[in-house]
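S.K.: So here's start38.txt (compact mmCIF, C-alpha atoms and all ligand atoms).
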```txt
# COMPACT_ATOMS: atom_id res chain seq x y z
CA MET C 1 27.58 -98.99 -26.62
CA PHE C 2 26.57 -98.67 -22.95
CA LYS C 3 28.11 -102.05 -22.18
CA ASP C 4 29.94 -100.72 -19.16
CA ALA C 5 28.93 -97.81 -16.92
CA ARG C 6 30.55 -96.46 -13.82
CA PHE C 7 29.71 -93.59 -11.53
CA ILE C 8 32.66 -91.22 -11.32
CA THR C 9 31.75 -88.21 -9.21
CA SER C 10 29.19 -85.62 -8.07
CA LEU C 11 30.15 -82.00 -8.52
CA PRO C 12 28.66 -78.80 -7.20
CA ARG C 13 30.68 -76.93 -9.84
CA TYR C 14 31.80 -78.27 -13.20
CA GLY C 15 35.01 -76.26 -12.84
CA ASP C 16 36.08 -78.82 -10.25
CA PHE C 17 35.98 -81.73 -12.67
CA PRO C 18 39.51 -83.03 -13.25
CA GLY C 19 38.55 -85.69 -15.80
CA ARG C 20 38.19 -83.51 -18.85
CA GLY C 21 39.27 -84.57 -22.30
CA LEU C 22 36.92 -87.42 -23.12
CA PRO C 23 33.87 -86.66 -25.27
CA GLN C 24 30.74 -85.88 -23.28
CA LEU C 25 27.04 -86.52 -23.51
CA ALA C 26 24.79 -84.43 -21.25
CA VAL C 27 21.25 -85.09 -20.04
CA CYS C 28 19.07 -82.12 -19.12
CA GLY C 29 15.41 -81.46 -18.42
CA ARG C 30 12.83 -80.60 -15.82
CA SER C 31 13.02 -82.09 -12.37
CA ASN C 32 11.29 -85.46 -12.25
CA VAL C 33 11.16 -85.79 -16.06
CA GLY C 34 13.10 -89.05 -15.86
CA LYS C 35 16.75 -88.12 -16.48
CA SER C 36 18.23 -90.53 -13.96
CA SER C 37 15.83 -93.30 -14.98
CA LEU C 38 16.83 -92.89 -18.61
CA ILE C 39 20.50 -93.11 -17.69
CA ASN C 40 19.87 -96.31 -15.75
CA ASN C 41 17.86 -97.75 -18.61
CA LEU C 42 20.48 -96.82 -21.22
CA CYS C 43 23.17 -98.44 -19.10
CA ARG C 44 20.90 -101.30 -18.03
CA LYS C 45 22.05 -100.73 -14.50
CA HIS C 46 19.49 -100.20 -11.76
CA GLY C 47 20.48 -97.67 -9.14
CA LEU C 48 23.45 -96.31 -11.09
CA ALA C 49 21.85 -92.86 -11.08
CA LYS C 50 19.65 -92.17 -8.08
CA THR C 51 15.98 -91.83 -9.04
CA SER C 52 13.16 -90.59 -6.92
CA GLY C 53 9.47 -89.84 -6.80
CA THR C 54 10.42 -86.58 -5.11
CA PRO C 55 11.45 -83.96 -7.65
CA GLY C 56 14.71 -82.12 -7.21
CA LYS C 57 16.70 -85.19 -6.20
CA THR C 58 19.71 -84.51 -8.37
CA ARG C 59 21.16 -81.17 -7.27
CA LEU C 60 24.67 -81.91 -8.34
CA ILE C 61 26.31 -82.62 -11.67
CA ASN C 62 26.75 -86.38 -11.72
CA VAL C 63 29.41 -87.82 -13.98
CA PHE C 64 29.45 -91.39 -15.31
CA LEU C 65 32.07 -93.10 -17.43
CA ILE C 66 30.62 -95.17 -20.26
CA ASP C 67 32.58 -97.94 -21.99
CA ASN C 68 35.80 -96.22 -20.90
CA ALA C 69 35.14 -93.98 -23.89
CA PHE C 70 33.00 -91.02 -22.92
CA HIS C 71 31.49 -89.19 -19.97
CA LEU C 72 27.76 -89.05 -19.42
CA ILE C 73 26.69 -85.98 -17.46
CA ASP C 74 23.46 -86.02 -15.44
CA LEU C 75 22.61 -82.33 -15.01
CA PRO C 76 20.39 -81.06 -12.19
CA GLY C 77 16.76 -80.57 -13.18
CA TYR C 78 14.96 -77.26 -13.44
CA GLY C 79 11.42 -76.15 -12.77
CA TYR C 80 10.97 -77.65 -9.36
CA ALA C 81 8.33 -75.44 -7.77
CA LYS C 82 9.55 -75.59 -4.19
CA VAL C 83 12.91 -74.10 -5.01
CA SER C 84 13.90 -70.69 -3.68
CA LYS C 85 14.91 -67.82 -5.92
CA ARG C 86 18.43 -68.20 -4.68
CA GLU C 87 18.56 -71.89 -5.55
CA GLN C 88 17.18 -71.11 -9.01
CA GLU C 89 19.94 -68.61 -9.54
CA SER C 90 22.58 -71.04 -8.41
CA TRP C 91 21.09 -73.60 -10.80
CA GLY C 92 21.34 -71.13 -13.68
CA LYS C 93 24.92 -70.34 -12.85
CA MET C 94 25.79 -74.03 -12.64
CA MET C 95 24.31 -74.66 -16.08
CA ASN C 96 25.97 -71.63 -17.65
CA ASP C 97 29.30 -72.70 -16.21
CA TYR C 98 28.83 -76.21 -17.47
CA PHE C 99 27.83 -75.33 -21.01
CA SER C 100 30.49 -72.67 -21.37
CA GLN C 101 33.27 -74.92 -20.08
CA ALA C 102 32.36 -78.28 -21.54
CA GLU C 103 34.49 -78.08 -24.66
CA THR C 104 34.17 -81.78 -25.41
CA LEU C 105 30.37 -81.90 -25.16
CA ARG C 106 29.11 -83.58 -28.34
CA LEU C 107 25.39 -83.90 -27.73
CA ALA C 108 22.80 -82.77 -25.19
CA LEU C 109 19.73 -84.88 -24.58
CA HIS C 110 16.83 -82.60 -23.74
CA LEU C 111 14.17 -84.59 -21.94
CA VAL C 112 10.53 -83.52 -21.82
CA ASP C 113 7.52 -85.41 -20.52
CA ILE C 114 5.53 -86.79 -23.46
CA ARG C 115 2.26 -86.11 -21.63
CA HIS C 116 2.67 -82.36 -21.27
CA GLU C 117 3.22 -79.36 -23.45
CA PRO C 118 6.69 -77.97 -22.82
CA SER C 119 6.79 -75.46 -19.98
CA ALA C 120 8.21 -71.95 -20.16
CA GLN C 121 11.43 -73.32 -18.71
CA ASP C 122 11.55 -76.15 -21.24
CA ARG C 123 11.37 -73.50 -23.94
CA GLU C 124 14.10 -71.50 -22.25
CA MET C 125 16.30 -74.56 -22.10
CA ASN C 126 15.57 -75.16 -25.78
CA ALA C 127 16.39 -71.55 -26.69
CA PHE C 128 19.59 -71.83 -24.68
CA LEU C 129 20.59 -74.99 -26.57
CA TYR C 130 19.88 -73.34 -29.93
CA GLN C 131 21.90 -70.35 -28.81
CA THR C 132 24.94 -72.44 -27.90
CA GLY C 133 24.78 -74.05 -31.33
CA LEU C 134 25.26 -77.41 -29.69
CA PRO C 135 23.65 -80.49 -31.26
CA PHE C 136 20.77 -81.68 -29.11
CA GLN C 137 18.27 -84.51 -29.20
CA VAL C 138 14.77 -84.07 -27.83
CA VAL C 139 13.62 -87.15 -25.93
CA ALA C 140 9.97 -87.48 -24.89
CA THR C 141 10.00 -89.49 -21.67
CA LYS C 142 7.44 -91.76 -19.98
CA ALA C 143 6.06 -92.92 -23.34
CA ASP C 144 4.56 -95.97 -21.60
CA LYS C 145 2.01 -93.66 -19.99
CA LEU C 146 0.32 -93.05 -23.36
CA SER C 147 -1.15 -95.29 -26.05
CA ARG C 148 0.52 -95.32 -29.46
CA ALA C 149 -2.22 -93.16 -30.97
CA GLN C 150 -2.01 -90.65 -28.13
CA ARG C 151 1.75 -90.42 -28.50
CA GLN C 152 1.65 -89.14 -32.06
CA ARG C 153 -0.84 -86.50 -31.03
CA HIS C 154 1.31 -85.40 -28.11
CA LEU C 155 4.49 -85.15 -30.16
CA MET C 156 3.12 -82.38 -32.41
CA PRO C 157 2.86 -79.57 -29.83
CA ILE C 158 6.16 -80.63 -28.27
CA ALA C 159 7.87 -80.41 -31.65
CA ARG C 160 6.33 -77.02 -32.32
CA ALA C 161 7.34 -75.60 -28.94
CA LEU C 162 10.91 -76.85 -29.25
CA ALA C 163 11.36 -76.00 -32.94
CA VAL C 164 12.14 -79.52 -34.12
CA GLN C 165 10.30 -81.92 -36.41
CA PRO C 166 7.97 -84.41 -34.71
CA TRP C 167 9.83 -87.35 -36.26
CA GLU C 168 13.11 -86.10 -34.81
CA ILE C 169 11.82 -86.62 -31.28
CA ILE C 170 12.55 -89.98 -29.70
CA ALA C 171 9.73 -91.32 -27.56
CA TYR C 172 11.33 -93.17 -24.67
CA SER C 173 10.21 -95.39 -21.85
CA SER C 174 12.65 -96.27 -19.11
CA GLN C 175 10.16 -98.91 -18.01
CA THR C 176 9.88 -100.84 -21.27
CA GLY C 177 13.12 -99.75 -22.95
CA GLU C 178 11.19 -98.38 -25.90
CA GLY C 179 13.27 -95.86 -27.82
CA ARG C 180 16.53 -97.19 -26.41
CA GLU C 181 17.90 -98.47 -29.73
CA ALA C 182 16.92 -95.27 -31.56
CA LEU C 183 18.55 -93.12 -28.92
CA ILE C 184 21.74 -95.17 -28.87
CA GLN C 185 21.96 -94.78 -32.64
CA ALA C 186 21.56 -91.01 -32.37
CA ILE C 187 24.25 -90.89 -29.68
CA GLU C 188 26.64 -93.10 -31.68
CA LYS C 189 26.26 -90.88 -34.70
CA ARG C 190 27.30 -87.83 -32.69
CA LEU C 191 30.13 -89.46 -30.82
CA ASP C 192 31.61 -90.92 -34.01
CA SER C 193 31.49 -87.67 -35.95
N1 LIG C 201 6.06 -94.76 -16.07
C1 LIG C 201 7.29 -94.24 -16.14
N2 LIG C 201 7.81 -93.60 -15.07
C2 LIG C 201 9.04 -93.05 -15.17
C3 LIG C 201 9.80 -93.14 -16.36
N3 LIG C 201 10.98 -92.51 -16.19
C4 LIG C 201 10.96 -92.04 -14.90
N4 LIG C 201 9.79 -92.37 -14.29
C5 LIG C 201 9.42 -92.03 -12.89
O1 LIG C 201 9.50 -90.62 -12.73
C6 LIG C 201 10.04 -90.27 -11.45
C7 LIG C 201 11.25 -89.38 -11.60
O2 LIG C 201 12.29 -90.07 -12.25
P1 LIG C 201 13.82 -89.64 -12.14
O3 LIG C 201 14.57 -90.47 -13.12
O4 LIG C 201 14.28 -89.65 -10.74
O5 LIG C 201 13.72 -88.12 -12.66
P2 LIG C 201 14.89 -87.03 -12.75
O6 LIG C 201 14.64 -86.25 -14.00
O7 LIG C 201 16.23 -87.66 -12.63
O8 LIG C 201 14.57 -86.09 -11.50
P3 LIG C 201 15.55 -85.08 -10.71
O9 LIG C 201 16.83 -85.81 -10.45
O10 LIG C 201 14.78 -84.73 -9.51
O11 LIG C 201 15.77 -83.90 -11.60
C8 LIG C 201 10.34 -91.60 -10.76
O12 LIG C 201 9.25 -91.91 -9.92
C9 LIG C 201 10.43 -92.58 -11.90
O13 LIG C 201 10.10 -93.89 -11.55
C10 LIG C 201 9.23 -93.86 -17.48
O14 LIG C 201 9.80 -93.99 -18.58
N5 LIG C 201 7.98 -94.37 -17.31
MG MG C 202 17.82 -87.30 -11.32
```
Could you render the structure as structure tokens?
M.R.:
Amino acid sequence: MFKDARFITSLPRYGDFPGRGLPQLAVCGRSNVGKSSLINNLCRKHGLAKTSGTPGKTRLINVFLIDNAFHLIDLPGYGYAKVSKREQESWGKMMNDYFSQAETLRLALHLVDIRHEPSAQDREMNAFLYQTGLPFQVVATKADKLSRAQRQRHLMPIARALAVQPWEIIAYSSQTGEGREALIQAIEKRLDS
């Protein structure tokens, strides 16, 4: 899995996407949490998804085709402080549209930074995912920034805030590739079922 990855399109509205039908995997999370980096690391392709030190880089829904078998959807991040009320609303609408129209979505990856307790918006995202009834996988990003001992300690409050078990969370580093195999297994399980 993730042998071949191609960028397909950037969409301001999911309704515009003509390539429906294939199963989908979506990546969501706060701005700057490492969504695009994770996609690049999963696909082992630098620069496939644009990454940036400046939060709020991905404002569009980016679609990638993986192994000619499924679409990977890079959703725009939330929680970027310098965003106007209006932009926040348009973000919310974009997400609602996406989740209500993506009939072939099999799994959402919800990324949170392993170093921080989930924010109010992380919890909202989590509540939204529970509400949709969609299977989701919590991924704790930037695991390389903590020692192994620290990681275990940080996973507890994240698990509590997002109503999952600590061992269900995958600690991931896009720098070292840690967690890649575990995540691919979780994705395979969902796409095969
Ligand atoms: N140390 C470390 N840094 C990371 C990791 N993943 C991402 N980063 C850094 O975090 C910053 C943001 O990464 P992106 O992948 O662009 O984040 P994003 O979630 O796509 O951000 P938006 O598109 O703005 O929503 C970049 O400076 C990355 O280099 C990681 O696993 N480890
Ligand atoms: Mg991005």
S.K.: How close does each residue of chain C get to ligand LIG 201 (chain C), giving the shortest atom pair and distance in Å to one decimal for every residue with an atom at most 8 Å away, counting all atoms listed in the file, sorted by chain and residue number, as a tab-separated table?
M.R.:
```
residue	atom	partner	partner_atom	distance
C:Cys28	CA	C:LIG201	O6	7.9
C:Gly29	CA	C:LIG201	O6	6.6
C:Arg30	CA	C:LIG201	O11	6.1
C:Ser31	CA	C:LIG201	O11	3.4
C:Asn32	CA	C:LIG201	O8	3.4
C:Val33	CA	C:LIG201	O6	4.1
C:Gly34	CA	C:LIG201	O5	3.4
C:Lys35	CA	C:LIG201	O6	3.8
C:Ser36	CA	C:LIG201	O7	3.7
C:Ser37	CA	C:LIG201	O3	3.6
C:Leu38	CA	C:LIG201	N3	6.3
C:Ile39	CA	C:LIG201	O3	7.9
C:Ala49	CA	C:LIG201	O7	7.8
C:Lys50	CA	C:LIG201	O4	6.5
C:Thr51	CA	C:LIG201	O4	3.2
C:Ser52	CA	C:LIG201	O4	4.1
C:Gly53	CA	C:LIG201	O12	3.8
C:Thr54	CA	C:LIG201	O10	6.5
C:Pro55	CA	C:LIG201	O10	3.9
C:Gly56	CA	C:LIG201	O10	3.5
C:Lys57	CA	C:LIG201	O10	3.9
C:Thr58	CA	C:LIG201	O9	3.8
C:Arg59	CA	C:LIG201	O9	7.1
C:Asp74	CA	C:LIG201	O7	7.9
C:Leu75	CA	C:LIG201	O11	7.8
C:Pro76	CA	C:LIG201	O11	5.5
C:Gly77	CA	C:LIG201	O11	3.8
C:Tyr78	CA	C:LIG201	O11	6.9
C:Thr141	CA	C:LIG201	O14	5.5
C:Lys142	CA	C:LIG201	O14	3.5
C:Ala143	CA	C:LIG201	O14	6.1
C:Asp144	CA	C:LIG201	N5	5.7
C:Lys145	CA	C:LIG201	N1	5.7
C:Tyr172	CA	C:LIG201	O14	6.3
C:Ser173	CA	C:LIG201	O14	3.6
C:Ser174	CA	C:LIG201	O14	3.7
C:Gln175	CA	C:LIG201	O14	5.0
C:Thr176	CA	C:LIG201	O14	7.4
C:Gly177	CA	C:LIG201	O14	8.0
```
S.K.: Dump C-alpha atoms for the selected residues as an mmCIF file, in the frame of the given file?
M.R.:
```
data_model
loop_
_atom_site.group_PDB
_atom_site.id
_atom_site.type_symbol
_atom_site.label_atom_id
_atom_site.label_comp_id
_atom_site.auth_asym_id
_atom_site.auth_seq_id
_atom_site.Cartn_x
_atom_site.Cartn_y
_atom_site.Cartn_z
ATOM 1 C CA CYS C 28 19.070 -82.120 -19.120
ATOM 2 C CA GLY C 29 15.410 -81.460 -18.420
ATOM 3 C CA ARG C 30 12.830 -80.600 -15.820
ATOM 4 C CA SER C 31 13.020 -82.090 -12.370
ATOM 5 C CA ASN C 32 11.290 -85.460 -12.250
ATOM 6 C CA VAL C 33 11.160 -85.790 -16.060
ATOM 7 C CA GLY C 34 13.100 -89.050 -15.860
ATOM 8 C CA LYS C 35 16.750 -88.120 -16.480
ATOM 9 C CA SER C 36 18.230 -90.530 -13.960
ATOM 10 C CA SER C 37 15.830 -93.300 -14.980
ATOM 11 C CA LEU C 38 16.830 -92.890 -18.610
ATOM 12 C CA ILE C 39 20.500 -93.110 -17.690
ATOM 13 C CA ALA C 49 21.850 -92.860 -11.080
ATOM 14 C CA LYS C 50 19.650 -92.170 -8.080
ATOM 15 C CA THR C 51 15.980 -91.830 -9.040
ATOM 16 C CA SER C 52 13.160 -90.590 -6.920
ATOM 17 C CA GLY C 53 9.470 -89.840 -6.800
ATOM 18 C CA THR C 54 10.420 -86.580 -5.110
ATOM 19 C CA PRO C 55 11.450 -83.960 -7.650
ATOM 20 C CA GLY C 56 14.710 -82.120 -7.210
ATOM 21 C CA LYS C 57 16.700 -85.190 -6.200
ATOM 22 C CA THR C 58 19.710 -84.510 -8.370
ATOM 23 C CA ARG C 59 21.160 -81.170 -7.270
ATOM 24 C CA ASP C 74 23.460 -86.020 -15.440
ATOM 25 C CA LEU C 75 22.610 -82.330 -15.010
ATOM 26 C CA PRO C 76 20.390 -81.060 -12.190
ATOM 27 C CA GLY C 77 16.760 -80.570 -13.180
ATOM 28 C CA TYR C 78 14.960 -77.260 -13.440
ATOM 29 C CA THR C 141 10.000 -89.490 -21.670
ATOM 30 C CA LYS C 142 7.440 -91.760 -19.980
ATOM 31 C CA ALA C 143 6.060 -92.920 -23.340
ATOM 32 C CA ASP C 144 4.560 -95.970 -21.600
ATOM 33 C CA LYS C 145 2.010 -93.660 -19.990
ATOM 34 C CA TYR C 172 11.330 -93.170 -24.670
ATOM 35 C CA SER C 173 10.210 -95.390 -21.850
ATOM 36 C CA SER C 174 12.650 -96.270 -19.110
ATOM 37 C CA GLN C 175 10.160 -98.910 -18.010
ATOM 38 C CA THR C 176 9.880 -100.840 -21.270
ATOM 39 C CA GLY C 177 13.120 -99.750 -22.950
#
```
S.K.: Closest to Arg44 in chain C among C:Trp91, C:Phe2, C:Tyr130, C:Phe70, using all atoms listed in the file?
M.R.: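 Nearest to Arg44 in chain C: C:Phe2.
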S.K.: Work out how far apart CA of Arg115 in chain C and CA of Ile184 in chain C are and give it in Å to one decimal.
M.R.: 22.7 Å
S.K.: Report as a list in words all protein, DNA and RNA residues lying within 12 Å of Phe128 in chain C, evaluated on all atoms listed in the file, omitting residues in the same chain fewer than 4 positions from it.
M.R.: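 Here the answer would be Cys28, Gly92, Met95, Asn96, Phe99, Ser100, Ala108, His110, Gln121, Asp122, Arg123, Glu124, Thr132, Gly133, Leu134, Pro135, Phe136 and Leu162 of chain C.
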S.K.: Please measure the separation of CA of Ile61 in chain C and CA of Leu155 in chain C, giving the value in Å to one decimal.
M.R.: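 According to the coordinates, CA of Ile61 in chain C and CA of Leu155 in chain C are separated by 28.7 Å.
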S.K.: Quick one: residues within 7 Å of range 10-26 of chain C, only C-alpha atoms counted, chain neighbours fewer than 6 positions away excluded, as a VMD selection string?
M.R.: chain C and resid 60 to 63 69 to 75 94 97 to 98 104 to 109
S.K.: Please write the residues from the selection above to a file, keeping C-alpha atoms, as a PDB file, in the coordinates of the input.
M.R.:
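Output saved as result.pdb:
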```pdb
ATOM      1  CA  LEU C  60      24.670 -81.910  -8.340  1.00  0.00           C
ATOM      2  CA  ILE C  61      26.310 -82.620 -11.670  1.00  0.00           C
ATOM      3  CA  ASN C  62      26.750 -86.380 -11.720  1.00  0.00           C
ATOM      4  CA  VAL C  63      29.410 -87.820 -13.980  1.00  0.00           C
ATOM      5  CA  ALA C  69      35.140 -93.980 -23.890  1.00  0.00           C
ATOM      6  CA  PHE C  70      33.000 -91.020 -22.920  1.00  0.00           C
ATOM      7  CA  HIS C  71      31.490 -89.190 -19.970  1.00  0.00           C
ATOM      8  CA  LEU C  72      27.760 -89.050 -19.420  1.00  0.00           C
ATOM      9  CA  ILE C  73      26.690 -85.980 -17.460  1.00  0.00           C
ATOM     10  CA  ASP C  74      23.460 -86.020 -15.440  1.00  0.00           C
ATOM     11  CA  LEU C  75      22.610 -82.330 -15.010  1.00  0.00           C
ATOM     12  CA  MET C  94      25.790 -74.030 -12.640  1.00  0.00           C
ATOM     13  CA  ASP C  97      29.300 -72.700 -16.210  1.00  0.00           C
ATOM     14  CA  TYR C  98      28.830 -76.210 -17.470  1.00  0.00           C
ATOM     15  CA  THR C 104      34.170 -81.780 -25.410  1.00  0.00           C
ATOM     16  CA  LEU C 105      30.370 -81.900 -25.160  1.00  0.00           C
ATOM     17  CA  ARG C 106      29.110 -83.580 -28.340  1.00  0.00           C
ATOM     18  CA  LEU C 107      25.390 -83.900 -27.730  1.00  0.00           C
ATOM     19  CA  ALA C 108      22.800 -82.770 -25.190  1.00  0.00           C
ATOM     20  CA  LEU C 109      19.730 -84.880 -24.580  1.00  0.00           C
TER      21      LEU C 109
END
```
S.K.: Check the smallest atom-to-atom distance from each of C:Ala149, C:Lys82, C:Arg6, C:Ala140 to Trp167 in chain C using only C-alpha atoms, then report the winner.
M.R.: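 Nearest to Trp167 in chain C: C:Ala140.
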S.K.: Suppose you want the space between CA of Asp113 in chain C and CA of Ser90 in chain C; what is it in Å?
M.R.: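 Calculated distance between CA of Asp113 in chain C and CA of Ser90 in chain C is 24.1 Å.
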S.K.: Draw an axis-aligned box over all listed atoms of range 18-31 of chain C, pad each side with 6 Å, and write its centre and edge lengths in Å, one decimal, as AutoDock Vina command-line options.
M.R.:
```
--center_x 26.2 --center_y -84.0 --center_z -18.8 --size_x 38.7 --size_y 18.8 --size_z 24.9
```
S.K.: With distances taken over all atoms listed in the file, which residue among C:Ser147, C:Met156, C:Gly47, C:Lys93 lies nearest ligand MG 202 (chain C)?
M.R.: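 So, comparing all the options, the nearest one is C:Gly47.
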S.K.: With distances taken over all atoms listed in the file, which of C:Lys85, C:Pro157, C:Gln152, C:Leu48 is nearest to Pro118 in chain C?
M.R.: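 The closest residue to Pro118 in chain C is C:Pro157.
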S.K.: In terms of the shortest atom-to-atom distance over all atoms listed in the file, which of C:Val112, C:Gln150, C:Arg190, C:Asn40 is closest to ligand MG 202 (chain C)?
M.R.: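 Of C:Val112, C:Gln150, C:Arg190, C:Asn40, the one nearest ligand MG 202 (chain C) is C:Asn40, counting all atoms listed in the file.
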S.K.: Atoms are missing here; could range 7-15 of chain C be completed with all heavy atoms and written as a CSV table (one decimal), keeping the file's coordinate frame?
M.R.:
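Written out: rebuild.csv:
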```csv
chain,number,residue,atom,x,y,z
C,7,PHE,N,29.9,-94.9,-12.1
C,7,PHE,CA,29.7,-93.6,-11.5
C,7,PHE,C,31.1,-93.1,-11.2
C,7,PHE,O,31.9,-93.8,-10.6
C,7,PHE,CB,28.9,-93.7,-10.2
C,7,PHE,CG,28.9,-92.4,-9.5
C,7,PHE,CD1,28.1,-91.3,-9.9
C,7,PHE,CD2,29.6,-92.3,-8.3
C,7,PHE,CE1,28.1,-90.1,-9.2
C,7,PHE,CE2,29.6,-91.1,-7.6
C,7,PHE,CZ,28.9,-90.0,-8.0
C,8,ILE,N,31.3,-91.8,-11.6
C,8,ILE,CA,32.7,-91.2,-11.3
C,8,ILE,C,32.6,-90.2,-10.2
C,8,ILE,O,33.3,-90.4,-9.2
C,8,ILE,CB,33.2,-90.5,-12.6
C,8,ILE,CG1,33.4,-91.5,-13.7
C,8,ILE,CG2,34.6,-89.8,-12.3
C,8,ILE,CD1,34.4,-92.6,-13.5
C,9,THR,N,31.8,-89.2,-10.3
C,9,THR,CA,31.8,-88.2,-9.2
C,9,THR,C,30.5,-87.3,-9.3
C,9,THR,O,29.8,-87.3,-10.3
C,9,THR,CB,33.0,-87.3,-9.3
C,9,THR,OG1,33.1,-86.4,-8.3
C,9,THR,CG2,33.0,-86.5,-10.6
C,10,SER,N,30.2,-86.6,-8.1
C,10,SER,CA,29.2,-85.6,-8.1
C,10,SER,C,29.9,-84.3,-7.8
C,10,SER,O,30.7,-84.2,-6.9
C,10,SER,CB,28.3,-85.9,-6.9
C,10,SER,OG,27.4,-86.9,-7.2
C,11,LEU,N,29.5,-83.3,-8.6
C,11,LEU,CA,30.2,-82.0,-8.5
C,11,LEU,C,29.2,-80.9,-8.3
C,11,LEU,O,28.2,-80.8,-8.9
C,11,LEU,CB,30.9,-81.7,-9.8
C,11,LEU,CG,31.8,-82.7,-10.4
C,11,LEU,CD1,32.0,-82.4,-11.9
C,11,LEU,CD2,33.1,-82.6,-9.7
C,12,PRO,N,29.5,-80.0,-7.3
C,12,PRO,CA,28.7,-78.8,-7.2
C,12,PRO,C,29.0,-77.8,-8.3
C,12,PRO,O,28.2,-77.0,-8.7
C,12,PRO,CB,29.0,-78.3,-5.8
C,12,PRO,CG,30.3,-78.9,-5.5
C,12,PRO,CD,30.5,-80.1,-6.3
C,13,ARG,N,30.2,-77.8,-8.8
C,13,ARG,CA,30.7,-76.9,-9.8
C,13,ARG,C,31.4,-77.7,-10.9
C,13,ARG,O,32.4,-78.5,-10.5
C,13,ARG,CB,31.6,-75.9,-9.3
C,13,ARG,CG,31.0,-74.7,-8.6
C,13,ARG,CD,32.0,-73.8,-8.0
C,13,ARG,NE,33.0,-74.6,-7.2
C,13,ARG,CZ,32.7,-74.9,-5.9
C,13,ARG,NH1,31.7,-74.4,-5.3
C,13,ARG,NH2,33.6,-75.6,-5.2
C,14,TYR,N,31.1,-77.5,-12.1
C,14,TYR,CA,31.8,-78.3,-13.2
C,14,TYR,C,33.3,-77.9,-13.2
C,14,TYR,O,34.1,-78.8,-13.6
C,14,TYR,CB,31.2,-78.0,-14.6
C,14,TYR,CG,31.8,-78.8,-15.7
C,14,TYR,CD1,31.7,-80.2,-15.7
C,14,TYR,CD2,32.6,-78.1,-16.6
C,14,TYR,CE1,32.4,-80.9,-16.7
C,14,TYR,CE2,33.3,-78.8,-17.6
C,14,TYR,CZ,33.1,-80.2,-17.6
C,14,TYR,OH,33.8,-80.9,-18.6
C,15,GLY,N,33.6,-76.7,-12.8
C,15,GLY,CA,35.0,-76.3,-12.8
C,15,GLY,C,35.9,-77.2,-12.0
C,15,GLY,O,37.1,-77.2,-12.2
```
